[in-house]
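Student: My structure file upload09.csv, CSV, C-alpha atoms, is below:
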```csv
chain,number,residue,atom,x,y,z
A,30,GLU,CA,-2.1,-18.9,-8.8
A,31,ALA,CA,-0.1,-15.6,-8.6
A,32,GLN,CA,0.2,-14.6,-5.0
A,33,VAL,CA,2.2,-13.0,-2.2
A,34,THR,CA,2.3,-15.3,0.9
A,35,GLN,CA,3.0,-14.0,4.4
A,36,ASN,CA,3.6,-16.1,7.5
A,37,PRO,CA,2.5,-16.1,10.2
A,38,ARG,CA,-0.9,-14.4,9.8
A,39,TYR,CA,-1.2,-13.8,13.5
A,40,LEU,CA,1.5,-13.6,16.2
A,41,ILE,CA,1.4,-12.6,19.9
A,42,THR,CA,4.8,-12.4,21.5
A,43,VAL,CA,6.8,-10.6,24.2
A,44,THR,CA,9.1,-7.7,24.2
A,45,GLY,CA,12.7,-8.5,23.2
A,46,LYS,CA,12.0,-11.9,21.6
A,47,LYS,CA,13.4,-11.9,18.1
A,48,LEU,CA,10.9,-12.8,15.4
A,49,THR,CA,10.8,-13.1,11.6
A,50,VAL,CA,7.8,-12.6,9.3
A,51,THR,CA,8.3,-14.4,6.0
A,52,CYS,CA,7.1,-13.2,2.6
A,53,SER,CA,7.3,-15.1,-0.6
A,54,GLN,CA,6.0,-14.2,-4.1
A,55,ASN,CA,5.7,-16.6,-7.1
A,56,MET,CA,5.5,-13.9,-9.9
A,57,ASN,CA,9.2,-13.4,-10.5
A,58,HIS,CA,8.8,-9.8,-9.3
A,59,GLU,CA,11.8,-7.6,-8.8
A,60,TYR,CA,10.4,-5.0,-6.4
A,61,MET,CA,9.3,-6.1,-2.9
A,62,SER,CA,8.3,-4.0,0.0
A,63,TRP,CA,7.1,-4.1,3.6
A,64,TYR,CA,4.4,-1.8,5.2
A,65,ARG,CA,2.8,-1.4,8.5
A,66,GLN,CA,-0.8,-0.3,8.8
A,67,ASP,CA,-1.9,1.7,11.9
A,68,PRO,CA,-5.3,3.3,12.5
A,69,GLY,CA,-5.4,6.8,11.2
A,70,LEU,CA,-2.0,6.6,9.6
A,71,GLY,CA,-2.6,4.4,6.6
A,72,LEU,CA,0.2,2.3,5.3
A,73,ARG,CA,3.8,3.4,5.9
A,74,GLN,CA,6.7,1.8,4.1
A,75,ILE,CA,9.3,0.1,6.2
A,76,TYR,CA,11.8,-1.2,3.7
A,77,TYR,CA,11.8,-2.0,0.0
A,78,SER,CA,14.0,-4.0,-2.3
A,79,MET,CA,14.6,-3.2,-6.0
A,80,ASN,CA,16.1,-6.6,-6.6
A,81,VAL,CA,18.2,-9.4,-5.1
A,82,GLU,CA,20.8,-8.0,-2.6
A,83,VAL,CA,19.4,-4.5,-3.1
A,84,THR,CA,17.4,-3.1,-0.1
A,85,ASP,CA,16.7,0.4,1.1
A,86,LYS,CA,14.9,2.2,3.9
A,87,GLY,CA,11.4,3.4,3.6
A,88,ASP,CA,9.7,5.9,5.8
A,89,VAL,CA,9.8,4.0,9.1
A,90,PRO,CA,12.7,1.6,9.2
A,91,GLU,CA,13.8,1.9,12.8
A,92,GLY,CA,13.6,-1.4,14.7
A,93,TYR,CA,13.4,-3.6,11.6
A,94,LYS,CA,15.7,-5.5,9.3
A,95,VAL,CA,15.2,-7.1,6.0
A,96,SER,CA,17.2,-9.3,3.6
A,97,ARG,CA,16.8,-10.3,-0.1
A,98,LYS,CA,19.0,-13.3,-0.8
A,99,GLU,CA,16.6,-14.7,-3.3
A,100,LYS,CA,14.2,-13.0,-5.7
A,101,ARG,CA,11.1,-14.6,-4.3
A,102,ASN,CA,11.7,-14.1,-0.6
A,103,PHE,CA,11.8,-10.9,1.5
A,104,PRO,CA,11.7,-11.6,5.2
A,105,LEU,CA,11.1,-8.9,7.8
A,106,ILE,CA,13.1,-9.3,11.0
A,107,LEU,CA,12.4,-7.7,14.4
A,108,GLU,CA,15.5,-8.4,16.4
A,109,SER,CA,14.2,-6.9,19.7
A,110,PRO,CA,10.4,-6.2,19.3
A,111,SER,CA,8.8,-3.5,21.4
A,112,PRO,CA,5.1,-2.8,22.0
A,113,ASN,CA,5.1,0.2,19.6
A,114,GLN,CA,5.7,-2.4,16.8
A,115,THR,CA,2.3,-3.9,17.4
A,116,SER,CA,0.6,-3.4,14.1
A,117,LEU,CA,-0.7,-5.0,10.9
A,118,TYR,CA,2.1,-5.7,8.5
A,119,PHE,CA,1.8,-6.2,4.7
A,120,CYS,CA,4.3,-7.5,2.2
A,121,ALA,CA,3.9,-6.4,-1.4
A,122,SER,CA,5.6,-7.1,-4.7
A,123,SER,CA,5.5,-5.6,-8.2
A,124,LEU,CA,7.2,-6.5,-11.5
A,125,TYR,CA,9.7,-3.7,-11.1
A,126,GLY,CA,10.0,-0.4,-9.3
A,127,GLY,CA,11.8,2.7,-10.3
A,128,GLN,CA,10.8,6.3,-11.1
A,129,GLY,CA,7.8,6.4,-13.3
A,130,SER,CA,6.8,2.9,-12.7
A,131,ASN,CA,3.1,2.3,-12.9
A,132,GLN,CA,3.4,-1.4,-12.0
A,133,PRO,CA,0.7,-2.4,-9.6
A,134,GLN,CA,1.7,-3.9,-6.2
A,135,HIS,CA,0.3,-7.2,-5.2
A,136,PHE,CA,-0.3,-7.4,-1.5
A,137,GLY,CA,-0.2,-10.3,0.9
A,138,ASP,CA,-3.1,-10.9,3.3
A,139,GLY,CA,-1.3,-9.3,6.2
A,140,THR,CA,0.3,-10.4,9.5
A,141,ARG,CA,-1.1,-9.1,12.7
A,142,LEU,CA,1.6,-8.7,15.3
A,143,SER,CA,1.0,-8.1,19.0
A,144,ILE,CA,4.0,-7.3,21.1
A,145,LEU,CA,3.3,-7.5,24.9
B,11,GLY,CA,9.0,15.8,1.2
B,12,ASN,CA,6.4,13.4,-0.2
B,13,SER,CA,3.0,13.0,1.4
B,14,VAL,CA,-0.6,12.2,0.6
B,15,THR,CA,-3.7,13.7,2.2
B,16,GLN,CA,-7.1,12.1,1.9
B,17,MET,CA,-10.5,13.3,3.1
B,18,GLU,CA,-11.4,11.7,6.4
B,19,GLY,CA,-14.2,9.2,6.6
B,20,PRO,CA,-16.3,7.4,7.0
B,21,VAL,CA,-18.3,8.4,3.9
B,22,THR,CA,-21.8,7.0,3.9
B,23,LEU,CA,-23.9,7.0,0.7
B,24,SER,CA,-27.0,5.4,-0.6
B,25,GLU,CA,-26.8,3.0,-3.5
B,26,GLU,CA,-26.6,4.7,-6.9
B,27,ALA,CA,-25.3,8.0,-5.3
B,28,PHE,CA,-22.3,9.8,-6.8
B,29,LEU,CA,-19.0,9.3,-5.0
B,30,THR,CA,-16.0,11.7,-4.7
B,31,ILE,CA,-13.1,11.0,-2.4
B,32,ASN,CA,-10.6,13.8,-2.3
B,33,CYS,CA,-6.8,13.2,-2.5
B,34,THR,CA,-4.1,15.8,-2.7
B,35,TYR,CA,-0.4,15.2,-2.6
B,36,THR,CA,3.0,16.8,-2.1
B,37,ALA,CA,6.0,15.6,-4.0
B,38,THR,CA,9.0,16.7,-5.9
B,39,GLY,CA,9.5,15.6,-9.4
B,40,TYR,CA,7.0,13.4,-11.2
B,41,PRO,CA,5.4,10.9,-9.0
B,42,SER,CA,3.1,8.1,-10.2
B,43,LEU,CA,-0.3,8.1,-8.5
B,44,PHE,CA,-2.6,5.2,-7.5
B,45,TRP,CA,-5.8,4.4,-5.8
B,46,TYR,CA,-6.0,1.1,-3.9
B,47,VAL,CA,-9.0,-0.6,-2.2
B,48,GLN,CA,-9.0,-2.8,0.9
B,49,TYR,CA,-11.9,-5.1,1.7
B,50,PRO,CA,-12.2,-6.3,5.3
B,51,GLY,CA,-9.6,-8.8,6.3
B,52,GLU,CA,-7.7,-8.6,3.0
B,53,GLY,CA,-4.6,-6.9,1.6
B,54,LEU,CA,-4.8,-3.9,-0.7
B,55,GLN,CA,-5.8,-4.2,-4.4
B,56,LEU,CA,-4.9,-1.8,-7.1
B,57,LEU,CA,-8.0,0.1,-8.3
B,58,LEU,CA,-6.5,2.5,-10.8
B,59,LYS,CA,-3.3,4.4,-11.6
B,60,ALA,CA,-1.8,7.4,-13.5
B,61,THR,CA,1.8,8.2,-14.2
B,62,LYS,CA,1.8,11.7,-15.7
B,63,ALA,CA,-0.1,14.9,-15.6
B,64,ASP,CA,-3.6,14.8,-17.2
B,65,ASP,CA,-3.6,11.0,-17.3
B,66,LYS,CA,-7.0,9.6,-16.3
B,67,GLY,CA,-7.0,6.2,-14.6
B,68,SER,CA,-10.2,4.2,-14.7
B,69,ASN,CA,-11.5,0.8,-13.6
B,70,LYS,CA,-14.8,-0.7,-12.6
B,71,GLY,CA,-16.6,2.6,-13.0
B,72,PHE,CA,-14.1,4.5,-10.9
B,73,GLU,CA,-12.1,7.3,-12.3
B,74,ALA,CA,-9.3,9.7,-11.2
B,75,THR,CA,-7.4,12.3,-13.1
B,76,TYR,CA,-3.8,13.3,-12.3
B,77,ARG,CA,-4.0,17.1,-11.9
B,78,LYS,CA,-0.5,18.6,-11.5
B,79,GLU,CA,-1.7,22.2,-11.3
B,80,THR,CA,-3.8,21.4,-8.2
B,81,THR,CA,-1.7,18.4,-7.0
B,82,SER,CA,-4.8,16.3,-6.8
B,83,PHE,CA,-6.0,12.8,-7.7
B,84,HIS,CA,-9.7,12.7,-6.7
B,85,LEU,CA,-11.5,9.4,-7.0
B,86,GLU,CA,-15.0,9.5,-8.5
B,87,LYS,CA,-17.8,7.0,-9.4
B,88,GLY,CA,-21.1,7.9,-10.9
B,89,SER,CA,-23.2,5.3,-9.2
B,90,VAL,CA,-22.0,3.4,-6.2
B,91,GLN,CA,-23.1,-0.1,-5.2
B,92,VAL,CA,-23.2,-1.9,-1.9
B,93,SER,CA,-20.3,-4.0,-3.0
B,94,ASP,CA,-18.1,-0.9,-3.2
B,95,SER,CA,-18.1,-0.6,0.6
B,96,ALA,CA,-14.4,-0.8,1.5
B,97,VAL,CA,-11.5,1.4,2.5
B,98,TYR,CA,-9.9,3.4,-0.2
B,99,PHE,CA,-6.3,4.5,-0.2
B,100,CYS,CA,-4.6,7.2,-2.3
B,101,ALA,CA,-0.9,6.6,-2.9
B,102,LEU,CA,2.1,8.0,-4.7
B,103,MET,CA,5.3,6.5,-5.8
B,104,ASN,CA,8.4,8.7,-6.1
B,105,PHE,CA,12.0,7.8,-6.3
B,106,ASN,CA,11.3,4.1,-5.6
B,107,LYS,CA,9.3,4.7,-2.5
B,108,PHE,CA,5.6,4.5,-1.8
B,109,TYR,CA,3.5,7.0,0.3
B,110,PHE,CA,-0.1,6.2,1.3
B,111,GLY,CA,-2.9,8.4,2.6
B,112,SER,CA,-4.6,7.4,5.8
B,113,GLY,CA,-7.5,5.8,4.0
B,114,THR,CA,-11.2,6.7,3.6
B,115,LYS,CA,-13.9,4.2,4.6
B,116,LEU,CA,-16.9,4.1,2.3
B,117,ASN,CA,-20.2,2.6,3.5
B,118,VAL,CA,-22.9,2.2,0.8
B,119,LYS,CA,-26.4,1.5,2.1
B,120,PRO,CA,-29.0,-0.3,0.0
```
Could you render the structure as C-alpha cells?
Tutor:
Amino acid sequence: EAQVTQNPRYLITVTGKKLTVTCSQNMNHEYMSWYRQDPGLGLRQIYYSMNVEVTDKGDVPEGYKVSRKEKRNFPLILESPSPNQTSLYFCASSLYGGQGSNQPQHFGDGTRLSIL
Amino acid sequence: GNSVTQMEGPVTLSEEAFLTINCTYTATGYPSLFWYVQYPGEGLQLLLKATKADDKGSNKGFEATYRKETTSFHLEKGSVQVSDSAVYFCALMNFNKFYFGSGTKLNVKP
C-alpha cells in the first residue's frame, strides 16, 4: 500500500531534549516536505526537499533541521525543542515538485508533539 | 509574497444545500492551486487541483476554477452530504513551496 509513515504519532517531552520525527514514503517520490498545523494558521511549510541531498527552507524553518540522505526518508530534527514548537506535524511527499507541478501531495497521519 | 486567504468557518449547511467556500490568493508568477480536505484525525487528502488560468478542477462533485483576474479559486458543490463534513484547505504551490490557507470547517446536518 502506498503510504507516508510518520513516527512517533504522539510525543510529550521537555524543553531542550533533542528529538527526531521520522518520515518514510514507499512511492519513490522525489519531493518531500514537513508542515506544522496550528489552530487558525492552517499548515505552514517548515522544510522541503526536491530530491536526495537537496533541501531548502519553507516558511517557518527556525528551530528545525532536516536531512535527505535517502530518497524514501526525510526526518525532522528538533535539536533544542521549546514550548512554541508544540504543534501537529505532517510529512508529505509527491512524485516531483517544481514550478507548475500539479502532483498531489500524499500526507502522513500526523505527529502530535507537546513540549513542556 | 505568497499567501492564501480563506473564508472563516465553521460553515453549517443542511444536506443537499449548495456549498461555496471562498479562497483568494496572492502570488507572483504562475502558481498551481489546490483544494485539500482533512477528516478528523487524518492527514490531508487532495480534493482537486488547477495549474493555469481558467482551468477547472473537479472531483466527487466539487469544483473550483482558477481565476487569475480575481486571484480566486472558490470551492463549490451543488448538493452536500453529511459525509462531506470535514476541514477544507485552499493551497498554492509557487517556486517549489506550498502555502496553505487557515482552513474552513464544514458541518453538514442531516
Student: Can you check which parts of chain A lie within 12 Å of chain B? Per residue, the shortest pair of atoms and distance in Å to one decimal, counting all atoms listed in the file, sorted by chain and number, as JSON lines.
Tutor:
```
{"residue": "A:Gln32", "atom": "CA", "partner": "B:Gly53", "partner_atom": "CA", "distance": 11.2}
{"residue": "A:Val33", "atom": "CA", "partner": "B:Gly53", "partner_atom": "CA", "distance": 9.9}
{"residue": "A:Thr34", "atom": "CA", "partner": "B:Gly53", "partner_atom": "CA", "distance": 10.9}
{"residue": "A:Gln35", "atom": "CA", "partner": "B:Gly53", "partner_atom": "CA", "distance": 10.8}
{"residue": "A:Arg38", "atom": "CA", "partner": "B:Gly51", "partner_atom": "CA", "distance": 10.9}
{"residue": "A:Tyr60", "atom": "CA", "partner": "B:Asn106", "partner_atom": "CA", "distance": 9.2}
{"residue": "A:Met61", "atom": "CA", "partner": "B:Asn106", "partner_atom": "CA", "distance": 10.7}
{"residue": "A:Ser62", "atom": "CA", "partner": "B:Phe108", "partner_atom": "CA", "distance": 9.1}
{"residue": "A:Trp63", "atom": "CA", "partner": "B:Phe108", "partner_atom": "CA", "distance": 10.3}
{"residue": "A:Tyr64", "atom": "CA", "partner": "B:Phe108", "partner_atom": "CA", "distance": 9.5}
{"residue": "A:Arg65", "atom": "CA", "partner": "B:Phe110", "partner_atom": "CA", "distance": 10.9}
{"residue": "A:Gln66", "atom": "CA", "partner": "B:Ser112", "partner_atom": "CA", "distance": 9.1}
{"residue": "A:Asp67", "atom": "CA", "partner": "B:Ser112", "partner_atom": "CA", "distance": 8.8}
{"residue": "A:Pro68", "atom": "CA", "partner": "B:Ser112", "partner_atom": "CA", "distance": 7.9}
{"residue": "A:Gly69", "atom": "CA", "partner": "B:Ser112", "partner_atom": "CA", "distance": 5.5}
{"residue": "A:Leu70", "atom": "CA", "partner": "B:Ser112", "partner_atom": "CA", "distance": 4.7}
{"residue": "A:Gly71", "atom": "CA", "partner": "B:Ser112", "partner_atom": "CA", "distance": 3.7}
{"residue": "A:Leu72", "atom": "CA", "partner": "B:Phe110", "partner_atom": "CA", "distance": 5.6}
{"residue": "A:Arg73", "atom": "CA", "partner": "B:Phe110", "partner_atom": "CA", "distance": 6.6}
{"residue": "A:Gln74", "atom": "CA", "partner": "B:Phe108", "partner_atom": "CA", "distance": 6.6}
{"residue": "A:Ile75", "atom": "CA", "partner": "B:Lys107", "partner_atom": "CA", "distance": 9.8}
{"residue": "A:Tyr76", "atom": "CA", "partner": "B:Lys107", "partner_atom": "CA", "distance": 8.9}
{"residue": "A:Tyr77", "atom": "CA", "partner": "B:Lys107", "partner_atom": "CA", "distance": 7.6}
{"residue": "A:Ser78", "atom": "CA", "partner": "B:Asn106", "partner_atom": "CA", "distance": 9.2}
{"residue": "A:Met79", "atom": "CA", "partner": "B:Asn106", "partner_atom": "CA", "distance": 8.0}
{"residue": "A:Asn80", "atom": "CA", "partner": "B:Asn106", "partner_atom": "CA", "distance": 11.8}
{"residue": "A:Thr84", "atom": "CA", "partner": "B:Asn106", "partner_atom": "CA", "distance": 10.9}
{"residue": "A:Asp85", "atom": "CA", "partner": "B:Lys107", "partner_atom": "CA", "distance": 9.3}
{"residue": "A:Lys86", "atom": "CA", "partner": "B:Lys107", "partner_atom": "CA", "distance": 8.9}
{"residue": "A:Gly87", "atom": "CA", "partner": "B:Lys107", "partner_atom": "CA", "distance": 6.6}
{"residue": "A:Asp88", "atom": "CA", "partner": "B:Tyr109", "partner_atom": "CA", "distance": 8.4}
{"residue": "A:Val89", "atom": "CA", "partner": "B:Tyr109", "partner_atom": "CA", "distance": 11.2}
{"residue": "A:Leu117", "atom": "CA", "partner": "B:Gly53", "partner_atom": "CA", "distance": 10.3}
{"residue": "A:Tyr118", "atom": "CA", "partner": "B:Gly53", "partner_atom": "CA", "distance": 9.7}
{"residue": "A:Phe119", "atom": "CA", "partner": "B:Gly53", "partner_atom": "CA", "distance": 7.1}
{"residue": "A:Cys120", "atom": "CA", "partner": "B:Gly53", "partner_atom": "CA", "distance": 8.9}
{"residue": "A:Ala121", "atom": "CA", "partner": "B:Gly53", "partner_atom": "CA", "distance": 9.0}
{"residue": "A:Ser122", "atom": "CA", "partner": "B:Leu54", "partner_atom": "CA", "distance": 11.6}
{"residue": "A:Ser123", "atom": "CA", "partner": "B:Leu56", "partner_atom": "CA", "distance": 11.1}
{"residue": "A:Tyr125", "atom": "CA", "partner": "B:Asn106", "partner_atom": "CA", "distance": 9.7}
{"residue": "A:Gly126", "atom": "CA", "partner": "B:Asn106", "partner_atom": "CA", "distance": 6.0}
{"residue": "A:Gly127", "atom": "CA", "partner": "B:Asn106", "partner_atom": "CA", "distance": 4.9}
{"residue": "A:Gln128", "atom": "CA", "partner": "B:Phe105", "partner_atom": "CA", "distance": 5.2}
{"residue": "A:Gly129", "atom": "CA", "partner": "B:Ser42", "partner_atom": "CA", "distance": 5.9}
{"residue": "A:Ser130", "atom": "CA", "partner": "B:Ser42", "partner_atom": "CA", "distance": 6.9}
{"residue": "A:Asn131", "atom": "CA", "partner": "B:Thr61", "partner_atom": "CA", "distance": 6.2}
{"residue": "A:Gln132", "atom": "CA", "partner": "B:Lys59", "partner_atom": "CA", "distance": 8.9}
{"residue": "A:Pro133", "atom": "CA", "partner": "B:Leu56", "partner_atom": "CA", "distance": 6.2}
{"residue": "A:Gln134", "atom": "CA", "partner": "B:Leu56", "partner_atom": "CA", "distance": 7.0}
{"residue": "A:His135", "atom": "CA", "partner": "B:Gln55", "partner_atom": "CA", "distance": 6.8}
{"residue": "A:Phe136", "atom": "CA", "partner": "B:Gly53", "partner_atom": "CA", "distance": 5.3}
{"residue": "A:Gly137", "atom": "CA", "partner": "B:Gly53", "partner_atom": "CA", "distance": 5.6}
{"residue": "A:Asp138", "atom": "CA", "partner": "B:Gly53", "partner_atom": "CA", "distance": 4.6}
{"residue": "A:Gly139", "atom": "CA", "partner": "B:Gly53", "partner_atom": "CA", "distance": 6.1}
{"residue": "A:Thr140", "atom": "CA", "partner": "B:Gly53", "partner_atom": "CA", "distance": 9.9}
{"residue": "A:Arg141", "atom": "CA", "partner": "B:Gly51", "partner_atom": "CA", "distance": 10.6}
```
Student: Within 10 Å of (0.8, -7.5, 19.8), all atoms listed in the file: residues as a compact mmCIF listing (two decimals) with C-alpha atoms, in the frame of the given file?
Tutor:
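What follows is the written file out_38.txt:
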```
# COMPACT_ATOMS: atom_id res chain seq x y z
CA TYR A 39 -1.20 -13.80 13.50
CA LEU A 40 1.50 -13.60 16.20
CA ILE A 41 1.40 -12.60 19.90
CA THR A 42 4.80 -12.40 21.50
CA VAL A 43 6.80 -10.60 24.20
CA THR A 44 9.10 -7.70 24.20
CA PRO A 110 10.40 -6.20 19.30
CA SER A 111 8.80 -3.50 21.40
CA PRO A 112 5.10 -2.80 22.00
CA ASN A 113 5.10 0.20 19.60
CA GLN A 114 5.70 -2.40 16.80
CA THR A 115 2.30 -3.90 17.40
CA SER A 116 0.60 -3.40 14.10
CA LEU A 117 -0.70 -5.00 10.90
CA ARG A 141 -1.10 -9.10 12.70
CA LEU A 142 1.60 -8.70 15.30
CA SER A 143 1.00 -8.10 19.00
CA ILE A 144 4.00 -7.30 21.10
CA LEU A 145 3.30 -7.50 24.90
```
Student: Find the spatial neighbours of range 13-17 of chain B, counting only C-alpha atoms, within a cut-off of 6 Å - ignore same-chain residues fewer than 4 positions away - and output them as JSON, numbers by chain.
Tutor: {"B": [32, 33, 34, 35, 36, 111]}
Student: Residues at most 9 Å from Val90 in chain B, counting all atoms listed in the file, excluding those fewer than 4 positions away in the same chain, as number ranges by chain?
Tutor: B: 23-29, 71, 94-95, 118
Student: Which residues are close to Lys115 in chain B, i.e. within 6 Å by all atoms listed in the file, leaving aside same-chain residues fewer than 3 positions away? Reply as a list in words.
Tutor: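 Skipping anything fewer than 3 positions along the chain leaves Gly19, Pro20, Ala96 and Val97 of chain B.
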Student: Kindly export the residues of the current selection with C-alpha atoms, as a short mmCIF file (atom, residue, chain, number, x, y, z; two decimals), in the frame of the given file.
Tutor:
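Saved the output as out23.cif:
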```cif
data_model
loop_
_atom_site.label_atom_id
_atom_site.label_comp_id
_atom_site.auth_asym_id
_atom_site.auth_seq_id
_atom_site.Cartn_x
_atom_site.Cartn_y
_atom_site.Cartn_z
CA GLY B 19 -14.20 9.20 6.60
CA PRO B 20 -16.30 7.40 7.00
CA ALA B 96 -14.40 -0.80 1.50
CA VAL B 97 -11.50 1.40 2.50
#
```
Student: Please, what distance in Å, to one decimal, runs between CA of Arg101 in chain A and CA of Asn55 in chain A?
Tutor: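 Separation of CA of Arg101 in chain A and CA of Asn55 in chain A: 6.4 Å.
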Student: What separation in Å, quoted to one decimal, exists between CA of Tyr76 in chain B and CA of Asp64 in chain B?
Tutor: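 That distance, rounded to one decimal, is 5.1 Å.
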Student: CA of Leu105 in chain A to CA of Ala31 in chain A: how many Å, to one decimal?
Tutor: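 Going from CA of Leu105 in chain A over to CA of Ala31 in chain A covers 21.0 Å.
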Student: Residues within 6 Å of Ala74 in chain B, please, as a count of residues only. Count all atoms listed in the file; anything in the same chain fewer than 2 positions from it doesn't count.
Tutor: 5
Student: Which one is closest to Lys47 in chain A: A:Asn102, A:Arg97, A:Gly92, A:Leu124? Count only C-alpha atoms.
Tutor: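 Ranking A:Asn102, A:Arg97, A:Gly92, A:Leu124 by distance to Lys47 in chain A, first place goes to A:Gly92.
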